[in-house]
Amino acid sequence: MANIKDIIARFSEKPGGLIEAYHALQKKYNYIPAEAIKEAAKIFGVSEAQAYGVATFYSYLSVKPRGKYIIRICESAPCHIAGADEVIKAFESELGIKTGETTPDGKFTFELTECVGQCQGSVVVTINGRPYLDVTPEKVPAILAEYS
Amino acid sequence: MIKEMRIVLRNADKIDPQNISDYIAAGGYKALEKARNMKPEDIISEVKKSNLRGRGGAGFNAGLKWSFVPQSETKYVVCNLDEGEPGTYKDRTIVEKDPHTLLEGMAICGHAIGSNKGFIYCRGEYPYIVEHLNHAIAQAKEEGVLGEFDIEVRMGGGAYVCGEETALIESIEGHRGEPRFKPPFPGVEGLWQKPTVVNNVETLANLPEIITRGAEWYSSIGSSTYPGTKVLTLSGDIVNKICIEVPTDTTIREVIYEFGGGIRGGKKLKAVQIGGTSGAFIPASMIDIPIDFDSMRNAGFTLGTGAVFVMDETRDIVDVVTRIAKFFEHESCGKCNPCREGTFRCYEIMKKINQGRASSDDLEKLQLLGRVMSKACLCGLGQAAPGPILTTLQHFRHEYERKLFLS
Ligand SMILES: Cc1cc2nc3c(=O)[nH]c(=O)nc-3n(C[C@H](O)[C@H](O)[C@H](O)COP(=O)(O)O)c2cc1C
Ligand code: FES
């Protein structure tokens, strides 16, 4: 808890620092715990409902626990026609989970996303923000092996 | 062989972007020095005369926008690096290859409007660009080249609507990224109610060369009403999926066949969507028009961000448009009813058509809904969302009819 407070306090003087504080919290915990939202509301002088409203507006912020590694696959039109659906299936079968789920060991969360701005390399996957380009179903096991 | 013309990307792949001395050795920050010796109103009139128009999609004259900024003790320069339009990666490329050209452009804008504080709003999908920019800003501060002008980078959280300038401002303020009613425009009342100029990365990155070489030089390049160059990003079924910078009188055909190397696998072109995922679908028979803002608009198309998404003859237009409809349903912020409900219904009807369960009645409904949304939605998201549907109903209606349920 002390930790949560410290992280948020680092941004308390920054105008509009609430979202920056959420990014920092998420970097540490991979999601924004409920106590953190309460604490942030106090520190930034907004209602808890408002602080929660901000945390849930942005799709990269999460109020639910997630895995250590967040795998996102782009399903926007350029990646869609390049075969994103097949790559999604490959990840699902390799990980044993569906999109939106986390592996039981808490290691991987698999999410769909819209364009991540690397469309020269469709199909694009990111793992904790790092892009992997020209991904095909065949490449999926090797990508995951990097995180074992 | 036609060639690129590089203004914004003049240093790309020639200098080490991590090293400010490379930029300075290539003549960097000289334009800012020159601007500092000019009167602010002279800079504004020079930029106005250059006819540099916003590269973020709306095509508004940059100098004219700056001229609306009223007197105020505090003013802000905000750089829009949200780049959320699917198929677009130009702003990332510009910043990756030459971050200082953006910083210099922002400082020139700051001097012109009398602001000493800039923000760069970088999308959450580019955490590595945030680091890259912070590194460049630290170097610029160390060198003292920015003078009194301070630049701070803020990171978004994966919301497409935050590219809309007032939603972006809400987000920097630490709120949900929902667009504001306009007027007042940001130039008058923006960030923390202060006058704020919001410009796209590419717009700002053009400024150093405009100041160095003058308005006359710039306005003589490319198309007369939308001069200069445009940075384009090619994606889809094209041989070269690359980022290019070309004069604005370059035609779509030249972009696809000269720079893009044509269609992959020797196939034929079916359609090209330009401007991002809200852009119009252009049939292969209409690609002989120049890419500039006005030529595109006069033809019923959009230049938008300059994303060029190519589809070959085997692609299923209705399936692609259904995917796009899902995008808008997901990205609608929900503030206004026509967009919240409209994007939901568009996706619902598109799915129905794509699955072969729709009748010709549904096509009529879809068309009506699209027309209403383009007029009634609060911001550009909802207004532009039906674009792909309406233009494909116009140019590719047979593909829809083929999927109708025959009862
Ligand atoms: C839904 C929506 C998304 C937008 N996304 C962007 C964007 O990612 N980048 C951008 O520069 N402009 C974007 N715009 C346009 C901005 O509102 C604004 O017009 C632009 O930043 C102004 O800069 P410019 O005059 O230099 O083009 C978007 C507009 C809408 C309605
Ligand atoms: S469309 Fe997938 S990264 Fe841009």
# chains A, B, ... in the order shown; residues from 1 in each chain; ligands from 1
>>> select_by_dssp(residues="chain A", states="alpha helix (DSSP H)", output="NGL selection string")
:A and (2-9 or 18-29 or 34-44 or 48-57 or 77-81 or 84-95 or 140-145)
>>> interface_residues(of="chain A", to="chain B", cutoff="8 Å", atoms="only C-alpha atoms", output="number ranges by chain")
A: 15-20, 53-54, 57-61, 76-82, 114-122, 129
>>> residues_around(residues="Arg10 in chain B", least_positions_apart="3", cutoff="12 Å", atoms="only C-alpha atoms", output="list of chain:residue names")
B:Glu4, B:Met5, B:Arg6, B:Ile7, B:Asp13, B:Lys14, B:Ile15, B:Tyr23, B:Ala26, B:Gly27, B:Gly28, B:Ile94, B:Lys97, B:Asp98, B:Pro99, B:His100, B:Thr101, B:Ala205, B:Asn206, B:Pro208, B:Glu209, B:Thr229, B:Val231, B:Ile244, B:Glu245, B:Val246
>>> atom_distance(atom1="CA of Leu381 in chain B", atom2="CA of Val87 in chain A")
29.0 Å
>>> residues_near_ligand(ligand="ligand 1", cutoff="8 Å", atoms="only C-alpha atoms and all ligand atoms", output="tab-separated table (two decimals) with N, CA, C and O atoms, in the first residue's frame")
chain	number	residue	atom	x	y	z
B	53	ARG	N	-0.75	23.37	-45.02
B	53	ARG	CA	-2.05	22.99	-44.44
B	53	ARG	C	-1.91	21.74	-43.59
B	53	ARG	O	-1.09	20.88	-43.86
B	54	GLY	N	-2.70	21.69	-42.52
B	54	GLY	CA	-2.58	20.64	-41.50
B	54	GLY	C	-2.48	19.25	-42.10
B	54	GLY	O	-3.28	18.87	-42.95
B	55	ARG	N	-1.50	18.49	-41.65
B	55	ARG	CA	-1.28	17.13	-42.15
B	55	ARG	C	-1.97	16.07	-41.29
B	55	ARG	O	-1.77	14.88	-41.50
B	56	GLY	N	-2.77	16.52	-40.31
B	56	GLY	CA	-3.45	15.56	-39.44
B	56	GLY	C	-4.80	15.11	-39.98
B	56	GLY	O	-5.46	14.26	-39.39
B	57	GLY	N	-5.23	15.69	-41.09
B	57	GLY	CA	-6.46	15.23	-41.72
B	57	GLY	C	-7.42	16.33	-42.13
B	57	GLY	O	-8.13	16.19	-43.12
B	58	ALA	N	-7.44	17.44	-41.39
B	58	ALA	CA	-8.45	18.47	-41.68
B	58	ALA	C	-7.98	19.50	-42.70
B	58	ALA	O	-8.79	20.23	-43.28
B	59	GLY	N	-6.66	19.57	-42.93
B	59	GLY	CA	-6.15	20.43	-44.00
B	59	GLY	C	-6.32	21.92	-43.78
B	59	GLY	O	-6.43	22.69	-44.75
B	60	PHE	N	-6.31	22.37	-42.53
B	60	PHE	CA	-6.49	23.79	-42.24
B	60	PHE	C	-5.15	24.52	-42.33
B	60	PHE	O	-4.13	24.01	-41.86
B	61	ASN	N	-5.15	25.73	-42.92
B	61	ASN	CA	-3.92	26.51	-43.06
B	61	ASN	C	-3.30	26.78	-41.70
B	61	ASN	O	-3.92	27.39	-40.82
B	62	ALA	N	-2.06	26.31	-41.51
B	62	ALA	CA	-1.43	26.36	-40.18
B	62	ALA	C	-1.22	27.79	-39.69
B	62	ALA	O	-1.53	28.11	-38.54
B	65	LYS	N	-4.43	29.33	-38.57
B	65	LYS	CA	-4.83	28.81	-37.26
B	65	LYS	C	-4.09	29.57	-36.15
B	65	LYS	O	-4.68	29.98	-35.16
B	79	CYS	N	1.59	19.06	-29.77
B	79	CYS	CA	1.85	18.24	-30.94
B	79	CYS	C	1.04	16.96	-30.85
B	79	CYS	O	1.11	16.22	-29.87
B	80	ASN	N	0.28	16.70	-31.89
B	80	ASN	CA	-0.57	15.52	-31.94
B	80	ASN	C	0.21	14.34	-32.53
B	80	ASN	O	0.44	14.25	-33.73
B	81	LEU	N	0.65	13.46	-31.63
B	81	LEU	CA	1.33	12.22	-32.04
B	81	LEU	C	0.48	11.04	-31.58
B	81	LEU	O	0.95	10.08	-31.02
B	82	ASP	N	-0.83	11.17	-31.81
B	82	ASP	CA	-1.70	10.07	-31.39
B	82	ASP	C	-1.78	9.00	-32.47
B	82	ASP	O	-1.97	7.81	-32.14
B	83	GLU	N	-1.67	9.43	-33.72
B	83	GLU	CA	-1.58	8.51	-34.87
B	83	GLU	C	-2.38	7.22	-34.71
B	83	GLU	O	-1.83	6.11	-34.76
B	84	GLY	N	-3.69	7.38	-34.53
B	84	GLY	CA	-4.51	6.19	-34.29
B	84	GLY	C	-5.16	5.60	-35.53
B	84	GLY	O	-5.74	4.52	-35.47
B	85	GLU	N	-5.10	6.31	-36.66
B	85	GLU	CA	-5.77	5.81	-37.86
B	85	GLU	C	-5.10	4.54	-38.36
B	85	GLU	O	-3.93	4.57	-38.76
B	160	TYR	N	-8.54	5.71	-29.72
B	160	TYR	CA	-8.47	6.37	-31.03
B	160	TYR	C	-9.02	7.79	-30.99
B	160	TYR	O	-8.47	8.71	-31.59
B	161	VAL	N	-10.10	7.98	-30.22
B	161	VAL	CA	-10.77	9.29	-30.21
B	161	VAL	C	-9.85	10.38	-29.65
B	161	VAL	O	-10.02	11.55	-29.95
B	162	CYS	N	-8.85	10.00	-28.88
B	162	CYS	CA	-7.93	10.99	-28.30
B	162	CYS	C	-7.08	11.69	-29.34
B	162	CYS	O	-6.37	12.65	-29.03
B	163	GLY	N	-7.12	11.26	-30.60
B	163	GLY	CA	-6.47	12.01	-31.68
B	163	GLY	C	-7.26	13.25	-32.03
B	163	GLY	O	-6.72	14.20	-32.59
B	164	GLU	N	-8.55	13.26	-31.71
B	164	GLU	CA	-9.38	14.46	-31.94
B	164	GLU	C	-8.87	15.51	-30.96
B	164	GLU	O	-8.71	15.25	-29.77
B	165	GLU	N	-8.64	16.73	-31.47
B	165	GLU	CA	-7.87	17.69	-30.68
B	165	GLU	C	-8.45	18.04	-29.32
B	165	GLU	O	-7.70	18.19	-28.35
B	166	THR	N	-9.78	18.12	-29.20
B	166	THR	CA	-10.31	18.49	-27.88
B	166	THR	C	-10.33	17.29	-26.93
B	166	THR	O	-10.18	17.45	-25.72
B	198	VAL	N	-2.99	23.18	-31.61
B	198	VAL	CA	-2.77	21.75	-31.78
B	198	VAL	C	-2.39	21.51	-33.24
B	198	VAL	O	-3.14	21.88	-34.14
B	199	ASN	N	-1.23	20.93	-33.46
B	199	ASN	CA	-0.81	20.58	-34.82
B	199	ASN	C	-0.27	19.17	-34.86
B	199	ASN	O	0.28	18.66	-33.89
B	200	ASN	N	-0.43	18.58	-36.02
B	200	ASN	CA	0.08	17.24	-36.28
B	200	ASN	C	1.63	17.25	-36.37
B	200	ASN	O	2.22	18.28	-36.68
B	201	VAL	N	2.24	16.12	-36.11
B	201	VAL	CA	3.70	15.98	-36.18
B	201	VAL	C	4.25	16.46	-37.53
B	201	VAL	O	5.19	17.26	-37.59
B	202	GLU	N	3.63	15.97	-38.61
B	202	GLU	CA	4.14	16.28	-39.95
B	202	GLU	C	4.02	17.77	-40.25
B	202	GLU	O	4.91	18.36	-40.89
B	203	THR	N	2.93	18.40	-39.80
B	203	THR	CA	2.76	19.85	-39.99
B	203	THR	C	3.93	20.59	-39.34
B	203	THR	O	4.59	21.42	-39.97
B	204	LEU	N	4.20	20.26	-38.09
B	204	LEU	CA	5.25	20.94	-37.34
B	204	LEU	C	6.63	20.65	-37.91
B	204	LEU	O	7.50	21.52	-37.96
B	305	THR	N	-4.89	11.02	-43.26
B	305	THR	CA	-3.53	10.96	-42.72
B	305	THR	C	-2.52	10.60	-43.79
B	305	THR	O	-1.32	10.66	-43.55
B	379	CYS	N	-18.37	14.69	-33.09
B	379	CYS	CA	-17.01	14.93	-33.57
B	379	CYS	C	-16.73	14.14	-34.85
B	379	CYS	O	-17.57	13.38	-35.33
B	380	GLY	N	-15.54	14.34	-35.36
B	380	GLY	CA	-15.15	13.72	-36.62
B	380	GLY	C	-15.19	12.21	-36.61
B	380	GLY	O	-15.31	11.59	-37.66
B	381	LEU	N	-15.09	11.59	-35.43
B	381	LEU	CA	-15.11	10.13	-35.39
B	381	LEU	C	-16.42	9.61	-35.97
B	381	LEU	O	-16.44	8.85	-36.93
B	382	GLY	N	-17.52	10.04	-35.37
B	382	GLY	CA	-18.82	9.57	-35.83
B	382	GLY	C	-19.19	10.08	-37.20
B	382	GLY	O	-19.84	9.39	-37.99
B	384	ALA	N	-17.15	10.64	-39.67
B	384	ALA	CA	-16.39	9.96	-40.71
B	384	ALA	C	-16.62	8.45	-40.71
B	384	ALA	O	-16.35	7.78	-41.70
>>> atom_distance(atom1="CA of Thr314 in chain B", atom2="CA of Ala284 in chain B")
13.2 Å
>>> closest_residue(among="A:Thr113, A:Ser148, A:Asn3, A:Ser47", to="ligand 2", atoms="only C-alpha atoms and all ligand atoms")
A:Thr113
>>> closest_residue(among="A:Arg72, A:Arg10, A:His23, A:Lys38", to="Tyr132 in chain A", atoms="only C-alpha atoms")
A:Arg72
>>> closest_residue(among="A:Val123, A:Ala49, A:Ala55, A:Ala41", to="Tyr22 in chain A", atoms="only C-alpha atoms")
A:Ala55
>>> select_by_dssp(residues="range 20-145 of chain A", states="strand (DSSP E or B)", output="count of residues only")
19
>>> closest_residue(among="A:Val46, A:Ala145, A:Ala34, A:Ala84", to="Val125 in chain A", atoms="only C-alpha atoms")
A:Ala84
>>> atom_distance(atom1="CA of Tyr31 in chain A", atom2="CA of Lys5 in chain A")
15.1 Å
>>> residues_around(residues="Ile43 in chain A", least_positions_apart="6", cutoff="9 Å", atoms="only C-alpha atoms", output="PyMOL selection string")
chain A and resi 5+8-9+12
